[in-house]
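Peer 1: Provided herewith: target.txt, compact mmCIF, N, CA and C atoms.
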```
# COMPACT_ATOMS: atom_id res chain seq x y z
N MET J 1 -152.25 -18.72 82.12
CA MET J 1 -151.30 -19.71 82.59
C MET J 1 -150.79 -19.28 83.97
N THR J 2 -150.71 -20.21 84.88
CA THR J 2 -150.23 -19.89 86.23
C THR J 2 -148.72 -19.72 86.24
N ASP J 3 -148.21 -19.06 87.29
CA ASP J 3 -146.76 -18.90 87.41
C ASP J 3 -146.06 -20.25 87.43
N THR J 4 -146.64 -21.24 88.14
CA THR J 4 -146.05 -22.57 88.22
C THR J 4 -146.02 -23.22 86.83
N ALA J 5 -147.09 -23.08 86.06
CA ALA J 5 -147.12 -23.65 84.71
C ALA J 5 -146.10 -22.96 83.82
N GLN J 6 -145.95 -21.65 83.96
CA GLN J 6 -144.95 -20.92 83.17
C GLN J 6 -143.55 -21.37 83.52
N GLU J 7 -143.28 -21.58 84.81
CA GLU J 7 -141.96 -22.05 85.23
C GLU J 7 -141.68 -23.44 84.68
N ALA J 8 -142.68 -24.33 84.72
CA ALA J 8 -142.50 -25.69 84.19
C ALA J 8 -142.23 -25.64 82.70
N GLU J 9 -142.96 -24.78 81.98
CA GLU J 9 -142.76 -24.65 80.55
C GLU J 9 -141.36 -24.11 80.25
N ALA J 10 -140.90 -23.16 81.03
CA ALA J 10 -139.60 -22.54 80.81
C ALA J 10 -138.46 -23.52 81.03
N THR J 11 -138.67 -24.55 81.87
CA THR J 11 -137.59 -25.50 82.14
C THR J 11 -137.73 -26.79 81.35
N GLU J 12 -138.72 -26.90 80.49
CA GLU J 12 -138.90 -28.10 79.69
C GLU J 12 -137.70 -28.29 78.76
N GLN J 13 -137.30 -29.53 78.61
CA GLN J 13 -136.13 -29.81 77.78
C GLN J 13 -136.56 -30.17 76.36
N PHE J 14 -135.94 -29.53 75.41
CA PHE J 14 -136.14 -29.82 74.00
C PHE J 14 -134.75 -30.02 73.41
N ILE J 15 -134.40 -31.26 73.13
CA ILE J 15 -133.05 -31.56 72.67
C ILE J 15 -133.07 -32.11 71.24
N ASP J 16 -133.95 -33.06 70.98
CA ASP J 16 -134.06 -33.68 69.66
C ASP J 16 -135.49 -33.53 69.17
N PRO J 17 -135.69 -33.49 67.84
CA PRO J 17 -137.07 -33.44 67.33
C PRO J 17 -137.76 -34.79 67.56
N THR J 18 -139.07 -34.74 67.70
CA THR J 18 -139.85 -35.98 67.74
C THR J 18 -139.97 -36.50 66.30
N ARG J 19 -140.40 -37.73 66.16
CA ARG J 19 -140.62 -38.30 64.81
C ARG J 19 -141.66 -37.46 64.06
N ASP J 20 -142.72 -37.06 64.76
CA ASP J 20 -143.77 -36.26 64.12
C ASP J 20 -143.24 -34.90 63.68
N GLN J 21 -142.42 -34.26 64.51
CA GLN J 21 -141.85 -32.96 64.13
C GLN J 21 -140.95 -33.11 62.90
N PHE J 22 -140.14 -34.16 62.87
CA PHE J 22 -139.23 -34.35 61.73
C PHE J 22 -140.02 -34.68 60.47
N ALA J 23 -141.07 -35.48 60.59
CA ALA J 23 -141.91 -35.79 59.43
C ALA J 23 -142.57 -34.52 58.89
N ALA J 24 -143.07 -33.67 59.78
CA ALA J 24 -143.69 -32.42 59.35
C ALA J 24 -142.66 -31.51 58.67
N PHE J 25 -141.45 -31.48 59.22
CA PHE J 25 -140.36 -30.69 58.62
C PHE J 25 -140.11 -31.14 57.19
N GLN J 26 -140.02 -32.45 56.99
CA GLN J 26 -139.75 -32.98 55.65
C GLN J 26 -140.91 -32.77 54.69
N SER J 27 -142.14 -32.80 55.21
CA SER J 27 -143.31 -32.68 54.33
C SER J 27 -143.56 -31.23 53.90
N LEU J 28 -142.97 -30.28 54.60
CA LEU J 28 -143.12 -28.87 54.23
C LEU J 28 -142.14 -28.61 53.08
N SER J 29 -142.57 -29.05 51.92
CA SER J 29 -141.67 -29.06 50.77
C SER J 29 -141.78 -27.76 49.97
N ARG J 30 -140.65 -27.23 49.63
CA ARG J 30 -140.56 -26.12 48.68
C ARG J 30 -139.13 -26.10 48.18
N ASP J 31 -138.93 -25.54 47.03
CA ASP J 31 -137.59 -25.43 46.47
C ASP J 31 -136.82 -24.33 47.18
N GLY J 32 -135.52 -24.45 47.16
CA GLY J 32 -134.67 -23.37 47.63
C GLY J 32 -134.15 -23.57 49.04
N ALA J 33 -133.38 -22.59 49.44
CA ALA J 33 -132.68 -22.63 50.71
C ALA J 33 -133.64 -22.52 51.88
N ILE J 34 -133.18 -23.05 53.02
CA ILE J 34 -133.88 -22.87 54.28
C ILE J 34 -132.89 -22.31 55.29
N HIS J 35 -133.41 -21.54 56.21
CA HIS J 35 -132.62 -21.05 57.34
C HIS J 35 -133.14 -21.75 58.59
N MET J 36 -132.21 -22.10 59.47
CA MET J 36 -132.56 -22.74 60.72
C MET J 36 -132.04 -21.87 61.86
N LEU J 37 -132.99 -21.25 62.60
CA LEU J 37 -132.64 -20.46 63.77
C LEU J 37 -132.37 -21.42 64.92
N ASN J 38 -131.18 -21.35 65.48
CA ASN J 38 -130.75 -22.21 66.58
C ASN J 38 -130.63 -21.39 67.85
N LEU J 39 -131.35 -21.79 68.89
CA LEU J 39 -131.25 -21.22 70.23
C LEU J 39 -130.89 -22.38 71.14
N VAL J 40 -129.73 -22.30 71.78
CA VAL J 40 -129.21 -23.45 72.53
C VAL J 40 -128.77 -23.01 73.92
N ARG J 41 -129.23 -23.74 74.94
CA ARG J 41 -128.76 -23.53 76.30
C ARG J 41 -127.98 -24.78 76.70
N PHE J 42 -126.75 -24.57 77.18
CA PHE J 42 -125.89 -25.69 77.57
C PHE J 42 -126.15 -26.10 79.01
N ARG J 43 -125.91 -27.36 79.26
CA ARG J 43 -125.86 -27.85 80.64
C ARG J 43 -124.57 -27.32 81.26
N VAL J 44 -124.55 -27.13 82.56
CA VAL J 44 -123.32 -26.75 83.24
C VAL J 44 -122.29 -27.86 83.04
N ARG J 45 -122.69 -29.09 83.27
CA ARG J 45 -121.85 -30.27 83.06
C ARG J 45 -122.53 -31.12 82.02
N ALA J 46 -121.78 -31.56 81.03
CA ALA J 46 -122.33 -32.43 79.99
C ALA J 46 -122.85 -33.71 80.62
N ALA J 47 -123.88 -34.29 80.01
CA ALA J 47 -124.52 -35.51 80.53
C ALA J 47 -124.23 -36.68 79.60
N TYR J 48 -122.99 -37.12 79.58
CA TYR J 48 -122.61 -38.29 78.79
C TYR J 48 -122.99 -39.56 79.54
N PRO J 49 -123.47 -40.58 78.83
CA PRO J 49 -123.79 -41.85 79.50
C PRO J 49 -122.57 -42.49 80.18
N ASP J 50 -121.37 -42.24 79.65
CA ASP J 50 -120.17 -42.84 80.25
C ASP J 50 -119.65 -42.03 81.44
N GLY J 51 -120.32 -40.90 81.76
CA GLY J 51 -119.97 -40.13 82.94
C GLY J 51 -118.76 -39.22 82.80
N ARG J 52 -118.25 -39.03 81.59
CA ARG J 52 -117.09 -38.15 81.45
C ARG J 52 -117.42 -36.75 81.96
N GLU J 53 -116.41 -36.09 82.49
CA GLU J 53 -116.58 -34.80 83.16
C GLU J 53 -116.06 -33.66 82.29
N ILE J 54 -116.94 -33.07 81.50
CA ILE J 54 -116.60 -31.84 80.77
C ILE J 54 -117.82 -30.93 80.81
N SER J 55 -117.63 -29.69 80.49
CA SER J 55 -118.74 -28.74 80.50
C SER J 55 -119.65 -28.97 79.29
N GLY J 56 -120.87 -28.47 79.41
CA GLY J 56 -121.77 -28.52 78.27
C GLY J 56 -121.22 -27.74 77.09
N ALA J 57 -120.58 -26.60 77.36
CA ALA J 57 -119.99 -25.80 76.28
C ALA J 57 -118.89 -26.58 75.56
N ASP J 58 -118.06 -27.31 76.32
CA ASP J 58 -117.01 -28.11 75.68
C ASP J 58 -117.59 -29.26 74.88
N ALA J 59 -118.63 -29.87 75.38
CA ALA J 59 -119.28 -30.96 74.64
C ALA J 59 -119.89 -30.41 73.34
N TYR J 60 -120.47 -29.21 73.38
CA TYR J 60 -121.04 -28.61 72.17
C TYR J 60 -119.94 -28.28 71.17
N ARG J 61 -118.78 -27.85 71.67
CA ARG J 61 -117.64 -27.61 70.77
C ARG J 61 -117.20 -28.91 70.08
N ALA J 62 -117.24 -30.02 70.81
CA ALA J 62 -116.90 -31.32 70.21
C ALA J 62 -117.91 -31.67 69.12
N TYR J 63 -119.18 -31.40 69.38
CA TYR J 63 -120.23 -31.62 68.37
C TYR J 63 -119.96 -30.78 67.12
N ALA J 64 -119.65 -29.51 67.31
CA ALA J 64 -119.37 -28.62 66.18
C ALA J 64 -118.16 -29.09 65.39
N CYS J 65 -117.13 -29.53 66.08
CA CYS J 65 -115.91 -29.99 65.42
C CYS J 65 -116.18 -31.24 64.57
N GLU J 66 -116.93 -32.17 65.12
CA GLU J 66 -117.18 -33.43 64.39
C GLU J 66 -118.26 -33.29 63.32
N SER J 67 -119.25 -32.45 63.54
CA SER J 67 -120.33 -32.31 62.56
C SER J 67 -120.04 -31.25 61.50
N GLY J 68 -119.09 -30.36 61.78
CA GLY J 68 -118.78 -29.26 60.85
C GLY J 68 -118.45 -29.70 59.44
N PRO J 69 -117.59 -30.69 59.25
CA PRO J 69 -117.28 -31.12 57.87
C PRO J 69 -118.51 -31.64 57.12
N ILE J 70 -119.42 -32.28 57.80
CA ILE J 70 -120.64 -32.79 57.16
C ILE J 70 -121.54 -31.62 56.79
N PHE J 71 -121.67 -30.66 57.70
CA PHE J 71 -122.45 -29.44 57.47
C PHE J 71 -121.95 -28.73 56.21
N ILE J 72 -120.65 -28.59 56.08
CA ILE J 72 -120.06 -27.93 54.91
C ILE J 72 -120.27 -28.77 53.65
N ARG J 73 -120.09 -30.10 53.76
CA ARG J 73 -120.23 -30.98 52.60
C ARG J 73 -121.63 -30.92 51.99
N VAL J 74 -122.68 -30.77 52.83
CA VAL J 74 -124.04 -30.71 52.28
C VAL J 74 -124.39 -29.31 51.79
N GLY J 75 -123.46 -28.36 51.92
CA GLY J 75 -123.69 -27.00 51.43
C GLY J 75 -124.16 -26.03 52.50
N GLY J 76 -124.06 -26.44 53.77
CA GLY J 76 -124.48 -25.57 54.86
C GLY J 76 -123.48 -24.45 55.11
N ARG J 77 -124.00 -23.37 55.66
CA ARG J 77 -123.14 -22.26 56.07
C ARG J 77 -123.84 -21.49 57.17
N GLN J 78 -123.07 -20.91 58.04
CA GLN J 78 -123.62 -20.08 59.11
C GLN J 78 -123.77 -18.68 58.55
N VAL J 79 -125.00 -18.15 58.57
CA VAL J 79 -125.24 -16.83 57.97
C VAL J 79 -125.40 -15.72 58.99
N TRP J 80 -125.60 -16.09 60.26
CA TRP J 80 -125.73 -15.08 61.30
C TRP J 80 -125.35 -15.69 62.63
N LEU J 81 -124.66 -14.92 63.46
CA LEU J 81 -124.23 -15.34 64.78
C LEU J 81 -124.43 -14.17 65.73
N GLY J 82 -124.99 -14.45 66.89
CA GLY J 82 -125.19 -13.40 67.88
C GLY J 82 -124.86 -13.91 69.27
N ARG J 83 -124.78 -12.99 70.21
CA ARG J 83 -124.53 -13.35 71.61
C ARG J 83 -125.73 -12.87 72.42
N PHE J 84 -126.39 -13.80 73.08
CA PHE J 84 -127.56 -13.49 73.88
C PHE J 84 -127.20 -12.49 74.97
N GLU J 85 -128.06 -11.48 75.15
CA GLU J 85 -127.88 -10.51 76.23
C GLU J 85 -129.05 -10.49 77.20
N GLN J 86 -130.28 -10.46 76.70
CA GLN J 86 -131.43 -10.34 77.59
C GLN J 86 -132.69 -10.69 76.83
N THR J 87 -133.65 -11.29 77.52
CA THR J 87 -134.99 -11.49 76.97
C THR J 87 -135.84 -10.30 77.39
N LEU J 88 -136.33 -9.55 76.44
CA LEU J 88 -137.17 -8.38 76.72
C LEU J 88 -138.63 -8.79 76.83
N ILE J 89 -139.07 -9.66 75.92
CA ILE J 89 -140.42 -10.21 75.95
C ILE J 89 -140.29 -11.72 75.94
N GLY J 90 -140.81 -12.34 76.96
CA GLY J 90 -140.72 -13.79 77.08
C GLY J 90 -140.36 -14.16 78.50
N PRO J 91 -140.21 -15.46 78.76
CA PRO J 91 -139.90 -15.90 80.12
C PRO J 91 -138.60 -15.29 80.62
N ALA J 92 -138.64 -14.72 81.82
CA ALA J 92 -137.46 -14.08 82.41
C ALA J 92 -136.33 -15.08 82.63
N THR J 93 -136.68 -16.36 82.75
CA THR J 93 -135.66 -17.39 83.00
C THR J 93 -135.01 -17.87 81.71
N GLU J 94 -135.52 -17.44 80.58
CA GLU J 94 -134.98 -17.91 79.30
C GLU J 94 -133.65 -17.24 79.00
N ARG J 95 -132.65 -18.05 78.69
CA ARG J 95 -131.34 -17.55 78.28
C ARG J 95 -130.78 -18.55 77.28
N TRP J 96 -129.89 -18.08 76.42
CA TRP J 96 -129.32 -18.92 75.37
C TRP J 96 -127.82 -18.74 75.34
N ASP J 97 -127.10 -19.85 75.23
CA ASP J 97 -125.64 -19.83 75.18
C ASP J 97 -125.12 -19.77 73.74
N ALA J 98 -125.89 -20.28 72.81
CA ALA J 98 -125.52 -20.23 71.39
C ALA J 98 -126.76 -19.77 70.62
N VAL J 99 -126.58 -18.75 69.79
CA VAL J 99 -127.67 -18.20 68.98
C VAL J 99 -127.10 -17.97 67.59
N PHE J 100 -127.65 -18.69 66.60
CA PHE J 100 -127.15 -18.53 65.24
C PHE J 100 -128.18 -18.99 64.23
N ILE J 101 -127.98 -18.59 62.99
CA ILE J 101 -128.80 -19.05 61.87
C ILE J 101 -127.89 -19.80 60.91
N ALA J 102 -128.28 -21.03 60.62
CA ALA J 102 -127.57 -21.85 59.64
C ALA J 102 -128.42 -21.91 58.38
N GLU J 103 -127.75 -21.85 57.24
CA GLU J 103 -128.45 -21.96 55.95
C GLU J 103 -128.09 -23.28 55.30
N TYR J 104 -129.10 -23.92 54.73
CA TYR J 104 -128.92 -25.15 53.95
C TYR J 104 -129.50 -24.89 52.56
N PRO J 105 -128.90 -25.45 51.53
CA PRO J 105 -129.40 -25.17 50.18
C PRO J 105 -130.80 -25.73 49.93
N SER J 106 -131.22 -26.70 50.74
CA SER J 106 -132.54 -27.31 50.57
C SER J 106 -132.88 -28.14 51.81
N VAL J 107 -134.14 -28.53 51.90
CA VAL J 107 -134.55 -29.45 52.95
C VAL J 107 -133.79 -30.76 52.79
N ALA J 108 -133.63 -31.21 51.53
CA ALA J 108 -132.93 -32.47 51.27
C ALA J 108 -131.50 -32.43 51.81
N ALA J 109 -130.84 -31.29 51.71
CA ALA J 109 -129.47 -31.17 52.23
C ALA J 109 -129.46 -31.32 53.74
N PHE J 110 -130.40 -30.69 54.43
CA PHE J 110 -130.49 -30.83 55.89
C PHE J 110 -130.75 -32.29 56.26
N VAL J 111 -131.68 -32.93 55.58
CA VAL J 111 -132.01 -34.33 55.86
C VAL J 111 -130.80 -35.21 55.60
N ALA J 112 -130.08 -34.95 54.52
CA ALA J 112 -128.86 -35.74 54.22
C ALA J 112 -127.85 -35.61 55.35
N MET J 113 -127.73 -34.40 55.90
CA MET J 113 -126.79 -34.20 57.00
C MET J 113 -127.19 -35.03 58.21
N VAL J 114 -128.44 -34.92 58.64
CA VAL J 114 -128.84 -35.62 59.87
C VAL J 114 -128.88 -37.13 59.70
N ARG J 115 -128.92 -37.61 58.48
CA ARG J 115 -128.91 -39.06 58.25
C ARG J 115 -127.50 -39.60 58.02
N ASP J 116 -126.53 -38.73 57.86
CA ASP J 116 -125.14 -39.16 57.64
C ASP J 116 -124.65 -39.92 58.88
N PRO J 117 -124.04 -41.09 58.71
CA PRO J 117 -123.58 -41.87 59.87
C PRO J 117 -122.57 -41.13 60.75
N ASN J 118 -121.70 -40.34 60.15
CA ASN J 118 -120.72 -39.58 60.94
C ASN J 118 -121.40 -38.46 61.74
N TYR J 119 -122.43 -37.86 61.14
CA TYR J 119 -123.19 -36.85 61.87
C TYR J 119 -123.92 -37.50 63.04
N ARG J 120 -124.54 -38.64 62.78
CA ARG J 120 -125.27 -39.33 63.84
C ARG J 120 -124.36 -39.69 65.01
N ALA J 121 -123.10 -40.01 64.71
CA ALA J 121 -122.13 -40.29 65.77
C ALA J 121 -121.80 -39.01 66.54
N ALA J 122 -121.72 -37.88 65.85
CA ALA J 122 -121.38 -36.60 66.49
C ALA J 122 -122.50 -36.09 67.39
N VAL J 123 -123.73 -36.48 67.10
CA VAL J 123 -124.89 -35.98 67.85
C VAL J 123 -124.81 -36.33 69.34
N LYS J 124 -124.08 -37.37 69.69
CA LYS J 124 -123.96 -37.72 71.12
C LYS J 124 -123.41 -36.54 71.92
N HIS J 125 -122.53 -35.75 71.30
CA HIS J 125 -121.97 -34.58 71.99
C HIS J 125 -123.04 -33.50 72.18
N ARG J 126 -123.87 -33.28 71.16
CA ARG J 126 -124.95 -32.29 71.27
C ARG J 126 -125.94 -32.72 72.35
N GLN J 127 -126.31 -33.98 72.33
CA GLN J 127 -127.26 -34.48 73.32
C GLN J 127 -126.71 -34.35 74.75
N ALA J 128 -125.42 -34.58 74.91
CA ALA J 128 -124.80 -34.44 76.23
C ALA J 128 -124.69 -32.97 76.64
N ALA J 129 -124.49 -32.09 75.67
CA ALA J 129 -124.24 -30.67 75.93
C ALA J 129 -125.49 -29.87 76.25
N VAL J 130 -126.61 -30.19 75.61
CA VAL J 130 -127.77 -29.30 75.57
C VAL J 130 -128.73 -29.56 76.73
N GLU J 131 -129.05 -28.49 77.45
CA GLU J 131 -130.10 -28.52 78.46
C GLU J 131 -131.46 -28.38 77.80
N THR J 132 -131.56 -27.42 76.89
CA THR J 132 -132.76 -27.23 76.08
C THR J 132 -132.39 -26.41 74.85
N SER J 133 -133.24 -26.47 73.83
CA SER J 133 -132.94 -25.73 72.61
C SER J 133 -134.21 -25.48 71.83
N ARG J 134 -134.08 -24.63 70.84
CA ARG J 134 -135.13 -24.40 69.86
C ARG J 134 -134.45 -24.45 68.50
N LEU J 135 -135.08 -25.11 67.56
CA LEU J 135 -134.59 -25.16 66.19
C LEU J 135 -135.78 -24.79 65.32
N ILE J 136 -135.72 -23.62 64.72
CA ILE J 136 -136.86 -23.04 64.04
C ILE J 136 -136.54 -22.85 62.57
N ARG J 137 -137.33 -23.51 61.73
CA ARG J 137 -137.13 -23.41 60.28
C ARG J 137 -137.73 -22.11 59.77
N LEU J 138 -136.97 -21.44 58.91
CA LEU J 138 -137.39 -20.17 58.34
C LEU J 138 -137.19 -20.18 56.82
N GLU J 139 -138.03 -19.46 56.12
CA GLU J 139 -137.82 -19.23 54.70
C GLU J 139 -137.02 -17.94 54.56
N PRO J 140 -135.83 -18.00 53.95
CA PRO J 140 -135.05 -16.77 53.78
C PRO J 140 -135.79 -15.79 52.87
N ARG J 141 -135.78 -14.54 53.25
CA ARG J 141 -136.39 -13.49 52.44
C ARG J 141 -135.47 -12.28 52.47
N HIS J 142 -135.61 -11.43 51.49
CA HIS J 142 -134.81 -10.20 51.45
C HIS J 142 -135.58 -9.11 52.15
N ALA J 143 -134.88 -8.39 53.00
CA ALA J 143 -135.49 -7.29 53.73
C ALA J 143 -135.60 -6.06 52.85
N GLY J 144 -136.67 -5.32 53.03
CA GLY J 144 -136.83 -4.06 52.34
C GLY J 144 -136.13 -2.96 53.11
N SER J 145 -136.24 -1.75 52.61
CA SER J 145 -135.55 -0.63 53.24
C SER J 145 -136.27 -0.09 54.47
N ALA J 146 -137.54 -0.44 54.64
CA ALA J 146 -138.31 0.05 55.79
C ALA J 146 -138.83 -1.14 56.59
N PHE J 147 -139.10 -0.90 57.85
CA PHE J 147 -139.62 -1.94 58.74
C PHE J 147 -140.90 -2.53 58.16
N GLY J 148 -140.97 -3.87 58.14
CA GLY J 148 -142.16 -4.56 57.67
C GLY J 148 -142.23 -4.75 56.17
N GLN J 149 -141.23 -4.27 55.44
CA GLN J 149 -141.20 -4.42 54.00
C GLN J 149 -140.24 -5.53 53.59
N THR J 150 -140.55 -6.16 52.48
CA THR J 150 -139.61 -7.11 51.89
C THR J 150 -139.07 -6.50 50.61
N GLY J 151 -137.87 -6.91 50.28
CA GLY J 151 -137.20 -6.36 49.10
C GLY J 151 -137.56 -7.06 47.84
```
What does this structure look like when you write it as structure tokens?
Peer 2:
Amino acid sequence: MTDTAQEAEATEQFIDPTRDQFAAFQSLSRDGAIHMLNLVRFRVRAAYPDGREISGADAYRAYACESGPIFIRVGGRQVWLGRFEQTLIGPATERWDAVFIAEYPSVAAFVAMVRDPNYRAAVKHRQAAVETSRLIRLEPRHAGSAFGQTG
């Protein structure tokens, strides 16, 4: 990959899943909890259609405030929170303003949340706040006592 292609890839915006991505997410069926790794980079200024002037971080806080009760109601919980410091392996331009893992009791619980009308209304804040993001589904597993082992 050329440097120009790498730079273009590093600045690509990923804010919402495509229909195909969401369909694949739902079709990956299994019982039990799922973890969602969230990597979020905020816009300096939120991009609201009405032109309101707030920071991306403030817009994301509004999203969290409005969507939080729905997240809790479906059984969601934040299981890990970190603060980005540096990318050691990966694009040097990559940085994240919010890094956390959310747990949902099931795929159905996550789907119920994103289909909730109040959640859908809150998403406008996330869309205005986010420059780019990654949302990565994980199967929770127990770690073993040594590197590379499961418990």
Peer 1: Between atom C of J:Ala59 and atom C of J:Asp97, what distance in Å does the model show, to one decimal?
Peer 2: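 The value is 11.9 Å.
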Peer 1: Residues at most 10 Å from J:Val114, counting only C-alpha atoms, excluding those fewer than 6 positions away in the same chain, as a VMD selection string?
Peer 2: chain J and resid 67 70 to 71 120 123
Peer 1: Using the selection just defined, write its residues with N, CA and C atoms as an mmCIF file, in the coordinates of the input.
Peer 2:
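Done, and the output landed in out21.cif:
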```
data_model
loop_
_atom_site.group_PDB
_atom_site.id
_atom_site.type_symbol
_atom_site.label_atom_id
_atom_site.label_comp_id
_atom_site.auth_asym_id
_atom_site.auth_seq_id
_atom_site.Cartn_x
_atom_site.Cartn_y
_atom_site.Cartn_z
ATOM 1 N N SER J 67 -119.250 -32.450 63.540
ATOM 2 C CA SER J 67 -120.330 -32.310 62.560
ATOM 3 C C SER J 67 -120.040 -31.250 61.500
ATOM 4 N N ILE J 70 -119.420 -32.280 57.800
ATOM 5 C CA ILE J 70 -120.640 -32.790 57.160
ATOM 6 C C ILE J 70 -121.540 -31.620 56.790
ATOM 7 N N PHE J 71 -121.670 -30.660 57.700
ATOM 8 C CA PHE J 71 -122.450 -29.440 57.470
ATOM 9 C C PHE J 71 -121.950 -28.730 56.210
ATOM 10 N N ARG J 120 -124.540 -38.640 62.780
ATOM 11 C CA ARG J 120 -125.270 -39.330 63.840
ATOM 12 C C ARG J 120 -124.360 -39.690 65.010
ATOM 13 N N VAL J 123 -123.730 -36.480 67.100
ATOM 14 C CA VAL J 123 -124.890 -35.980 67.850
ATOM 15 C C VAL J 123 -124.810 -36.330 69.340
#
```
Peer 1: Rounded to one decimal, what separation in Å do you get between atom CA of J:Thr87 and atom CA of J:Leu39?
Peer 2: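 Between atom CA of J:Thr87 and atom CA of J:Leu39 the gap works out to 12.4 Å.
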Peer 1: Could you please write out, as a PyMOL selection string, every residue of chain J that DSSP assigns to strand (DSSP E)?
Peer 2: chain J and resi 34-42+77-82+98-104+130-138
Peer 1: Just to confirm, what's the straight-line distance from atom CA of J:Thr132 to atom CA of J:Tyr104 in Å (one decimal)?
Peer 2: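 Those two atoms sit 22.6 Å apart.
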Peer 1: Rank J:Ala109, J:Leu37, J:Val130, J:Ile15 by their smallest atom-to-atom distance to J:Gly75, using all atoms listed in the file, and report the top residue only.
Peer 2: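 Counting all atoms listed in the file, the residue closest to J:Gly75 is J:Ala109.
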Peer 1: Pick out the closest residue to J:Ser106 from this set: J:Ile136, J:Gly68, J:Gly76, J:Ile89. Count all atoms listed in the file.
Peer 2: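 Checking each of J:Ile136, J:Gly68, J:Gly76, J:Ile89 against J:Ser106, counting all atoms listed in the file, the winner is J:Gly76.
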Peer 1: Among stretch 11-112 of chain J, which ones does DSSP assign to alpha helix (DSSP H) (computed from the backbone)? Answer as a PyMOL selection string.
Peer 2: chain J and resi 19-27+56-73+107-112
Peer 1: Find the residues around J:Tyr48 up to 7 Å (all atoms listed in the file counted), leave out those fewer than 6 positions away in its own chain, and share them as a compact mmCIF listing (two decimals) with N, CA and C atoms, in the frame of the given file.
Peer 2:
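The result, stored in result-v3.txt:
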```txt
# COMPACT_ATOMS: atom_id res chain seq x y z
N GLN J 127 -126.31 -33.98 72.33
CA GLN J 127 -127.26 -34.48 73.32
C GLN J 127 -126.71 -34.35 74.75
N ALA J 128 -125.42 -34.58 74.91
CA ALA J 128 -124.80 -34.44 76.23
C ALA J 128 -124.69 -32.97 76.64
N ALA J 129 -124.49 -32.09 75.67
CA ALA J 129 -124.24 -30.67 75.93
C ALA J 129 -125.49 -29.87 76.25
```
Peer 1: Using all atoms listed in the file for the distances, tell me which of J:Ala143, J:Ala47, J:Ala92, J:Leu81 is nearest to J:Lys124.
Peer 2: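 Counting all atoms listed in the file, the residue closest to J:Lys124 is J:Ala47.
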Peer 1: Considering only N, CA and C atoms, state which residue in the set J:Arg41, J:Arg134, J:Arg77, J:His142 is at the smallest distance from J:Pro105.
Peer 2: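 Counting only N, CA and C atoms, the residue closest to J:Pro105 is J:Arg77.
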Peer 1: Given only N, CA and C atoms as the basis, pick out the residue of J:Ser29, J:Ser55, J:Thr150, J:Ser145 nearest to J:Arg43.
Peer 2: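 Closest residue, counting only N, CA and C atoms: J:Ser55.
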Peer 1: Determine, counting all atoms listed in the file, every residue of protein, DNA or RNA that lies within 7 Å of (-133.2, -25.5, 56.5) in the file coordinates, then give the result as a ChimeraX atom specification.
Peer 2: /J:33-36,102-107,110,137-138
Peer 1: The selected residues should be written to file as a compact mmCIF listing (two decimals), keeping the file's coordinate frame (atoms: N, CA and C atoms).
Peer 2:
```txt
# COMPACT_ATOMS: atom_id res chain seq x y z
N ALA J 33 -133.38 -22.59 49.44
CA ALA J 33 -132.68 -22.63 50.71
C ALA J 33 -133.64 -22.52 51.88
N ILE J 34 -133.18 -23.05 53.02
CA ILE J 34 -133.88 -22.87 54.28
C ILE J 34 -132.89 -22.31 55.29
N HIS J 35 -133.41 -21.54 56.21
CA HIS J 35 -132.62 -21.05 57.34
C HIS J 35 -133.14 -21.75 58.59
N MET J 36 -132.21 -22.10 59.47
CA MET J 36 -132.56 -22.74 60.72
C MET J 36 -132.04 -21.87 61.86
N ALA J 102 -128.28 -21.03 60.62
CA ALA J 102 -127.57 -21.85 59.64
C ALA J 102 -128.42 -21.91 58.38
N GLU J 103 -127.75 -21.85 57.24
CA GLU J 103 -128.45 -21.96 55.95
C GLU J 103 -128.09 -23.28 55.30
N TYR J 104 -129.10 -23.92 54.73
CA TYR J 104 -128.92 -25.15 53.95
C TYR J 104 -129.50 -24.89 52.56
N PRO J 105 -128.90 -25.45 51.53
CA PRO J 105 -129.40 -25.17 50.18
C PRO J 105 -130.80 -25.73 49.93
N SER J 106 -131.22 -26.70 50.74
CA SER J 106 -132.54 -27.31 50.57
C SER J 106 -132.88 -28.14 51.81
N VAL J 107 -134.14 -28.53 51.90
CA VAL J 107 -134.55 -29.45 52.95
C VAL J 107 -133.79 -30.76 52.79
N PHE J 110 -130.40 -30.69 54.43
CA PHE J 110 -130.49 -30.83 55.89
C PHE J 110 -130.75 -32.29 56.26
N ARG J 137 -137.33 -23.51 61.73
CA ARG J 137 -137.13 -23.41 60.28
C ARG J 137 -137.73 -22.11 59.77
N LEU J 138 -136.97 -21.44 58.91
CA LEU J 138 -137.39 -20.17 58.34
C LEU J 138 -137.19 -20.18 56.82
```
Peer 1: So, with only C-alpha atoms as the atoms that count, which of J:Asp16, J:Asp116, J:Glu139, J:Glu131 lies closest to J:Val74?
Peer 2: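 Closest residue, counting only C-alpha atoms: J:Asp116.
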